[in-house]
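> Questions regarding the structure given below will be posed in turn.
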Amino acid sequence: MVLLSKPIMDSLTAILFSPLPIDVMLGVIVLWIALGVLGLFAPLSLRFVGHVLFPLGAVGGLILAGAGLIGMAARPETAVLVLGLPGLPFHLRLDALSAFFLVLLGAVSAGISIYSAGYFRKDEGTSPGMHGLLYHFFLAAMALVMLADDAYLFMVAWETMALSSYFLVTSNHKVPEIRRAGFLYLLIAHLGAIGILLSFGVMQGGHGDYTFATMRTSHLSEFWASATFLLALFGFGAKAGILPLHVWLPEAHPAAPSPVSALMSGVMLKTAIYGLLRVTFDLLQTQLLWWGVLALLLGLLTALFGVMFAAVQTDMKRLLAYSSIENIGIILVGIGLTLIFHVYALGALAALALAATLYHCLNHAFFKSLLFLVTGTVLHSTRERSLGKLGGLIRSMPWVAWLALIGTLAMAGLPPLNGFVSEWLLLQAFLATPSLPSSYLSMLVPVEAAAVVLAIALAGYVMVKFYGVIFLGQPREARLATAHDANWLERIGLGWLALGCIALGLAPVFVLLQLDQVTRLLTGHTVGATAAQSGWLFVVATTPEHASYSPLLFLLGILALLLLTFVLVRKLYHGRMRRGPAWDCGYPQQTARMQDTAEGFGQPIKQIFEPFFRIERQMPSPFDAHPHYQGKAEDKLWYALYLPIARLVERISLKMSTLQHGRIHIYLLYSLVTLLFLLLFTR
Amino acid sequence: MISSIFSQLFQTLLIVVLAPLLLGWVNQCRAWLQNKRGAGVLQPYRVLHKLFHKDAVLADNASSLFRTAPYIQFACMVLVASIVPMVATDLPFAAAADVIALVGLFALARLFAALAAMDIGTAFGSMGARREMLVASLAEPALLMILFTPALIAHSTSLTTIVEALAHREFVLYPSLAFAAVAFAMVALAENARIPVDNPATHLELTMIHEAMILEYSARHLALIEWASAIKLSNYSAIGIALFLPWGIASAGDWNAVPLALAVLFVKLLLGGAGLALLETLSAKLRIFRAPEFLGTAFLLAVLGMLMLEL
Amino acid sequence: MATFTGQLINFLAALLLLIAFAMLSQRRILSLIHLFAWQGFILALSTTVVAYSTHQPHLYYSAFLTLVLKAFLLPWILHRLIIRLNIKWDVETMINVPTTMLVGIALVIFAFNLAAPISQLADTITRSTLGIAMASVLLSFLMMITRHKAVAQVVGFLAMENGLFFAATSATYGMPMVVELGIALDVLVGTFIFGIFFFQIRETFDSLDIKNLEKLKED
């Protein structure tokens, strides 16, 4: 005790007895790293890793979320870690924006961790201990990304996040497709990282100081600010899956184990949104109108593209991956709208659009993780990922089916669940656009709103397909009838996320009040007071006369009417019921194969939006003894953009390979020439 | 407060009770136009009465979702009825749900209908669900865009405020409302399974949409669904009247105007129902893949209506 | 009252645009001609309203002329023509209808924005209709581009003339009577010439599909 000097003692006691949120968060990060490392001591013990470490990780997530909630309301806190390189310490900062995303990370990962505790089985690629290590490093890295206050720590955490998730994606590395998907993911992640690095490079503006504090004070010209924005959009867009950098998403998400897919789709995509918001609104001091228009258009294309492709998928996890692309598109539309309002100094509207965006991030994190976890349970109990072979699971897996229904309704954007609230807020922001001064813009915006609404409506189509084909109807394979339900740890995880969907849907006013600090930080205005002006029961967009919505009353109305109808029907008439075979217009023969398959269900979309797909069809001829039909809808962009680039790279590297002789003198000559060249030019 | 609750209950019950009558009237008009005698305007009530008395037969593998869905559909439609002003704009519940939530309610009911149709796992059920969702996923955005046009005029997405603004303001002709009205008529036909898109009277395997979804329902479940679709028709009529022909609707608290408003409403509904029957008789059912084109046109007209506001 | 007539003209303008869109989405030639007749009727109506509200008697004449020519005579001629040529039914469009409509919306946005500065300069009561008039001209143009059959193109051409006429009445309260009579005569003669052409085309190619005209190109 005597050895420690007084200031250190003081700070230690302060941390121990009245910790600041940022200290708690660092504690959680250390806990996660420790849990990961601990798993290595008994890497094969499912019981230790699954039933001890992962639940502890979930507790860590809850603590992080709690600390984040406190941090959102508190003033920004900073800390300096003397890790890092000599003279280049890690800077940390917790402000409302990072606190919000940390809440998202903590709350969602708590559900995923507890689910994972019951999820892992023996003989699935990587050992449980290794898995635990990567998983918890992934979590810690995401938390650090959001806490970083200099480009150096940011990039270190970002790369750790990318690498740990890469290893998680390829955990079943014996399958060639999974290795291929992992490679694609890593490649695009690194392209994105280069973009981010360059944007930081531009922002530091030649000071050589890479802390965010310096970047905030440096004033860039419009050109360089635009360059930064574009680089950041590219870099973070690659991580978020914005068109045309989305190709890794539908490959990597299905390849990864389901909890990892849930974490990637629910949380990791949001780190990219966090980064984009941080750079655009916090680090850059000027914003330009065309950035907003660009984001709006890109978001729109991404949303429509995602939902159309989701509708034609036959693999349930790919379907969800494409729907993630759609949701990222909607979020980007929100960012674009925020930018436009912000540039026109319509602060209150910018805050509204931003609140809608953030709300949608939160919602998407909850319902998409829930649905990905559902696919995990389905996958485990049926060994089947193809929608064409599932069906009827509501009878053998009622728990999963009913919890999945909540996620489905939320994702279809239906009241009174959470997906609807954020879409409601976004549409309200759209309706405010006639107040924009530019006539071109205010005319484009209705068209954009229409397209967003179309994407949302098509999401309903996708969700009916997802739920109906997996859980309803007759089982398409005989063994599905014996599928077992989720175990209790999985149920807790799913239940937590479903509860989140319901709570976020029913209490929008509270959420919006919490978001106030974030919107104030980024746009200088708040929405909470506006939203709460008719009391906590009604959420209000601008004024109560303009629009209000009360999810709780809405739910109560439906429930009351349900009950009333039920009781009245029973009282006035009767409840007699018989069971019999299905009628089906009297057709005598009915097999499970006569139901719509996933392909059949997606066919109308394929037909209507045919120009958007690259369709390969194999039609049977009339005289085929064994008629065979195959229709594949593929991504046009892959053929129009990626393959040409790949071919170009191949051609260039072929040219370069002529430099390879295998003779050591020539290589030495190359070195000498390079040296002379450099000496000449850096005289 | 008491009077507005009374007004709320009165209007909701009015729609719920009279909805089959409107349906009967439309069917009767159609019969007359086709030179038939028709079953009388009260026929839907008789059908409902008969269905409620029968014993329900459920398919062997029907899950509880299948049994709950009719109740949910019915509840959603009644809830819609409680936020659409018909006689007076005095609807306290309307504050809980604006036009976006209204579209959400329609979507909620439809989603459950489609899921229930897929539950048994018959060929027709899933086909109906797919077609219904196809039509809906194009009709729903169109409906929302249509509703946005008056919402922008009235600076509000609350239906009662919109109607209040349109009905009791100085008379103004809005060109964009003309577009919205045409688009609305198209969407209403599609959403209520009427002729150019679907045929409510058919059980031909390859042409039915809505009927294919409810093939497996019987007795009280079927009755609830039929009643819910009658209420849906009334709701759509009420929305159309409220947005495009709002004159005569009583203001909040103005009880003296209610009898007149009721009379005006009946006249409008009589004419509207006859118009619907005429429209159905005059047009032929579209091929299923022409339906997206039909709805796409409605959607674009609605967008155009919004654009006209900028002029 | 001036505001009411202004609104009425705006409303009629919107109907014109609506009809232009309906034409764009219409596959049947017969319905196309009906729509064209309605367009002429509304044009005559709006001209009458302009005449009434601005007290310009010569506009009454041109409204009457429009009514006779565009709502009755030309549709009748076209009607006779398609019965003689026996092409009452569906025509396939070059691009599918929703895409055409989307392009149409883009054109409308373009036209509205183009007209915005001009109509701010104008002081006529009907200035905001200039954008609509321009949009209907562009839409008719689009219709001509996307149709295969020559008859549809002629309807498109006539609809374009309707748009121009509407622009003239709305922006400048109509052109001098002589010019209008001249145009009316031109249109009438043009339709006759087109009619003769149709028969010639059909005799030469056994079809009215204008892609046959590609064969006339010298190699």
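Here, A, B, ... name the chains of the structure tokens in the order displayed, residue numbers run from 1 inside each chain, and ligands are numbered from 1 in the same displayed order.
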Distance table requested - chain A against chain C, cut-off 9 Å, only C-alpha atoms: one row per qualifying residue with the closest atom pair and its distance in Å to one decimal, ordered by chain and rising residue number, as JSON lines.

```
{"residue": "A:Ser439", "atom": "CA", "partner": "C:Asn113", "partner_atom": "CA", "distance": 7.0}
{"residue": "A:Tyr440", "atom": "CA", "partner": "C:Asn113", "partner_atom": "CA", "distance": 6.5}
{"residue": "A:Met443", "atom": "CA", "partner": "C:Ile109", "partner_atom": "CA", "distance": 6.7}
{"residue": "A:Leu444", "atom": "CA", "partner": "C:Ile109", "partner_atom": "CA", "distance": 7.7}
{"residue": "A:Val447", "atom": "CA", "partner": "C:Ile105", "partner_atom": "CA", "distance": 8.9}
```
> Could you list, as JSON, numbers by chain, every residue of chain C that has an atom within 6 Å of an atom of chain B, counting only C-alpha atoms?
{"C": [7, 11, 14]}
> Give me the residues near B:Thr207 as a PyMOL selection string, where near means some atom within 12 Å (using only C-alpha atoms) and where sequence neighbours in that chain fewer than 5 positions away do not count.
chain B and resi 124+127-128+131-132+193+195-202+212+285-289+291
> Give the alpha helix (DSSP H) residues of stretch 22-182 of chain C, as DSSP finds them on the backbone, and put them as a compact mmCIF listing (two decimals) with C-alpha atoms, in the first residue's frame.

```txt
# COMPACT_ATOMS: atom_id res chain seq x y z
CA ALA C 22 -53.52 6.66 -69.20
CA MET C 23 -52.55 6.73 -72.87
CA LEU C 24 -49.07 5.72 -71.92
CA SER C 25 -50.33 2.69 -70.05
CA ILE C 29 -55.79 1.25 -79.82
CA LEU C 30 -59.53 1.66 -79.46
CA SER C 31 -59.19 2.84 -75.85
CA LEU C 32 -56.35 5.05 -76.97
CA ILE C 33 -58.65 6.82 -79.36
CA HIS C 34 -61.33 7.18 -76.72
CA LEU C 35 -58.79 8.72 -74.41
CA PHE C 36 -57.72 11.05 -77.15
CA ALA C 37 -61.29 12.16 -77.61
CA TRP C 38 -61.59 12.85 -73.90
CA GLN C 39 -58.40 14.82 -74.02
CA GLY C 40 -59.84 16.96 -76.77
CA PHE C 41 -63.00 17.45 -74.78
CA ILE C 42 -61.14 18.57 -71.67
CA LEU C 43 -58.97 20.83 -73.76
CA ALA C 44 -62.06 22.50 -75.17
CA LEU C 45 -63.49 22.82 -71.69
CA SER C 46 -60.35 24.42 -70.29
CA THR C 47 -60.15 26.81 -73.21
CA THR C 48 -63.72 27.84 -72.52
CA VAL C 49 -62.88 28.45 -68.89
CA VAL C 50 -59.87 30.55 -69.86
CA ALA C 51 -62.03 32.46 -72.30
CA TYR C 52 -64.66 33.08 -69.65
CA SER C 53 -62.27 34.18 -66.96
CA THR C 54 -60.15 36.45 -69.15
CA PRO C 57 -64.07 36.11 -77.03
CA HIS C 58 -61.80 34.70 -79.70
CA LEU C 59 -60.93 31.86 -77.33
CA TYR C 60 -64.55 30.73 -77.45
CA TYR C 61 -64.14 30.14 -81.15
CA SER C 62 -60.98 28.19 -80.67
CA ALA C 63 -62.64 26.16 -77.90
CA PHE C 64 -65.49 25.34 -80.26
CA LEU C 65 -63.04 24.45 -82.98
CA THR C 66 -61.14 22.19 -80.60
CA LEU C 74 -60.43 13.30 -85.55
CA PRO C 75 -61.44 10.46 -83.21
CA TRP C 76 -64.15 9.57 -85.65
CA ILE C 77 -61.71 9.49 -88.52
CA LEU C 78 -59.28 7.40 -86.53
CA HIS C 79 -62.06 5.14 -85.48
CA ARG C 80 -63.11 4.56 -89.04
CA LEU C 81 -59.51 3.99 -89.93
CA ILE C 82 -58.88 1.25 -87.40
CA ILE C 83 -62.10 -0.47 -88.30
CA ARG C 84 -61.10 -0.43 -91.91
CA LEU C 85 -57.62 -1.61 -91.04
CA VAL C 97 -45.70 -0.49 -69.14
CA PRO C 98 -44.35 0.13 -65.61
CA THR C 99 -40.95 1.05 -66.97
CA THR C 100 -42.55 3.42 -69.45
CA MET C 101 -44.50 4.97 -66.60
CA LEU C 102 -41.35 5.38 -64.55
CA VAL C 103 -39.67 7.17 -67.42
CA GLY C 104 -42.85 9.21 -67.67
CA ILE C 105 -42.54 10.28 -64.05
CA ALA C 106 -38.95 11.29 -64.61
CA LEU C 107 -40.11 13.38 -67.58
CA VAL C 108 -42.79 14.99 -65.45
CA ILE C 109 -40.28 15.97 -62.79
CA PHE C 110 -38.05 17.37 -65.50
CA ALA C 111 -40.86 19.33 -67.11
CA PHE C 112 -42.11 20.75 -63.83
CA ASN C 113 -38.68 21.97 -62.89
CA LEU C 114 -38.09 23.38 -66.33
CA ALA C 115 -41.34 25.28 -66.24
CA ALA C 116 -40.90 26.58 -62.70
CA PRO C 117 -38.74 29.64 -63.56
CA ILE C 118 -40.84 30.51 -66.61
CA SER C 119 -44.11 30.35 -64.76
CA GLN C 120 -42.68 32.58 -62.06
CA LEU C 121 -42.13 35.24 -64.71
CA THR C 129 -50.25 24.80 -65.84
CA LEU C 130 -47.29 25.44 -68.10
CA GLY C 131 -45.38 22.60 -66.47
CA ILE C 132 -48.28 20.25 -67.00
CA ALA C 133 -48.60 21.25 -70.62
CA MET C 134 -44.92 20.64 -71.13
CA ALA C 135 -45.15 17.32 -69.35
CA SER C 136 -48.01 16.17 -71.55
CA VAL C 137 -46.06 17.09 -74.67
CA LEU C 138 -43.11 15.04 -73.43
CA LEU C 139 -45.33 12.15 -72.44
CA SER C 140 -46.94 12.06 -75.86
CA PHE C 141 -43.48 12.05 -77.33
CA LEU C 142 -42.62 9.10 -75.10
CA MET C 143 -45.73 7.31 -76.26
CA MET C 144 -44.73 7.73 -79.87
CA ILE C 145 -41.34 6.26 -79.09
CA THR C 146 -42.63 3.19 -77.29
CA ALA C 150 -48.35 3.49 -86.71
CA VAL C 151 -51.85 4.38 -85.55
CA ALA C 152 -50.68 4.70 -81.97
CA GLN C 153 -47.96 7.01 -83.14
CA VAL C 154 -50.42 9.23 -84.90
CA VAL C 155 -52.51 9.41 -81.75
CA GLY C 156 -49.33 10.30 -79.89
CA PHE C 157 -48.59 13.00 -82.41
CA LEU C 158 -52.07 14.46 -82.10
CA ALA C 159 -51.87 14.30 -78.31
CA MET C 160 -48.62 16.19 -78.51
CA GLU C 161 -50.35 18.86 -80.51
CA ASN C 162 -53.00 18.98 -77.78
CA GLY C 163 -50.30 19.60 -75.22
CA LEU C 164 -48.82 22.39 -77.29
CA PHE C 165 -52.22 23.95 -77.74
CA PHE C 166 -52.81 23.79 -74.03
CA ALA C 167 -49.45 25.41 -73.41
CA ALA C 168 -50.41 28.19 -75.75
CA THR C 169 -53.75 28.90 -74.10
CA SER C 170 -52.40 28.67 -70.61
CA ALA C 171 -49.28 30.72 -71.10
CA THR C 172 -50.40 33.41 -73.53
CA MET C 177 -57.05 33.19 -84.57
CA VAL C 178 -55.37 32.88 -87.95
CA VAL C 179 -52.57 30.77 -86.52
CA GLU C 180 -54.99 28.54 -84.72
CA LEU C 181 -57.11 27.99 -87.78
CA GLY C 182 -53.99 27.20 -89.71
```
> Take atom CA of A:Arg576 and atom CA of B:Asp55 and report the distance between them in Å, one decimal.
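Calculated distance between atom CA of A:Arg576 and atom CA of B:Asp55 is 5.4 Å.
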> Please report the interatomic distance between atom CA of A:Pro437 and atom CA of B:Leu243 in Å with one decimal.
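These two atoms are separated by 28.1 Å.
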> Show me, as a tab-separated table (two decimals) with N, CA, C and O atoms, in the first residue's frame, the residues that have an atom within 9 Å of A:Ala432 when counting only C-alpha atoms, minus same-chain residues fewer than 6 positions from it.

```
chain	number	residue	atom	x	y	z
A	349	LEU	N	-36.00	18.57	-38.03
A	349	LEU	CA	-36.27	17.48	-38.95
A	349	LEU	C	-35.07	16.56	-39.07
A	349	LEU	O	-35.21	15.33	-39.16
B	152	LEU	N	-50.33	15.48	-47.04
B	152	LEU	CA	-49.48	16.65	-47.28
B	152	LEU	C	-50.32	17.91	-47.41
B	152	LEU	O	-49.91	18.99	-46.99
B	155	HIS	N	-51.33	18.71	-43.90
B	155	HIS	CA	-50.20	18.75	-42.97
B	155	HIS	C	-50.44	17.85	-41.77
B	155	HIS	O	-50.18	18.23	-40.63
```
> If DSSP is run on the backbone, what residues of stretch 36-108 of chain B are strand (DSSP E or B)? A reply as a list in words would be ideal.
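Answer for stretch 36-108 of chain B, restricted to strand (DSSP E or B): Ala56, Val57, Leu58, Ala59 and Ala88 of chain B.
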> How many Å lie between atom CA of B:Met77 and atom CA of A:Thr565, rounded to one decimal?
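Between these atoms lies a distance of 12.0 Å.
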> Of the candidates B:Gln11, B:Asn192, B:Asn61, B:Asn256, which shows the shortest atom-to-atom distance to chain A, using only C-alpha atoms?
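That would be B:Asn61, the residue with the smallest distance to chain A.
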> Give me the residues within 10 Å of stretch 276-283 of chain B as a list in words, counting only C-alpha atoms and dropping any in the same chain fewer than 5 places off.
Trp25, Val26, Asn27, Gln28, Cys29, Arg30, Ala31, Trp32, Leu33, Gln34, Ala185, Ala188, Leu189, Arg194, Ile195, Pro196, Asn199, Ser237, Leu270 and Leu271 of chain B
> Identify, on the basis of only C-alpha atoms, every residue whose closest approach to A:Leu489 does not exceed 8 Å; exclude the query and any residue fewer than 5 positions from it along the same chain; express the result as a ChimeraX atom specification.
/A:114-115,117-118
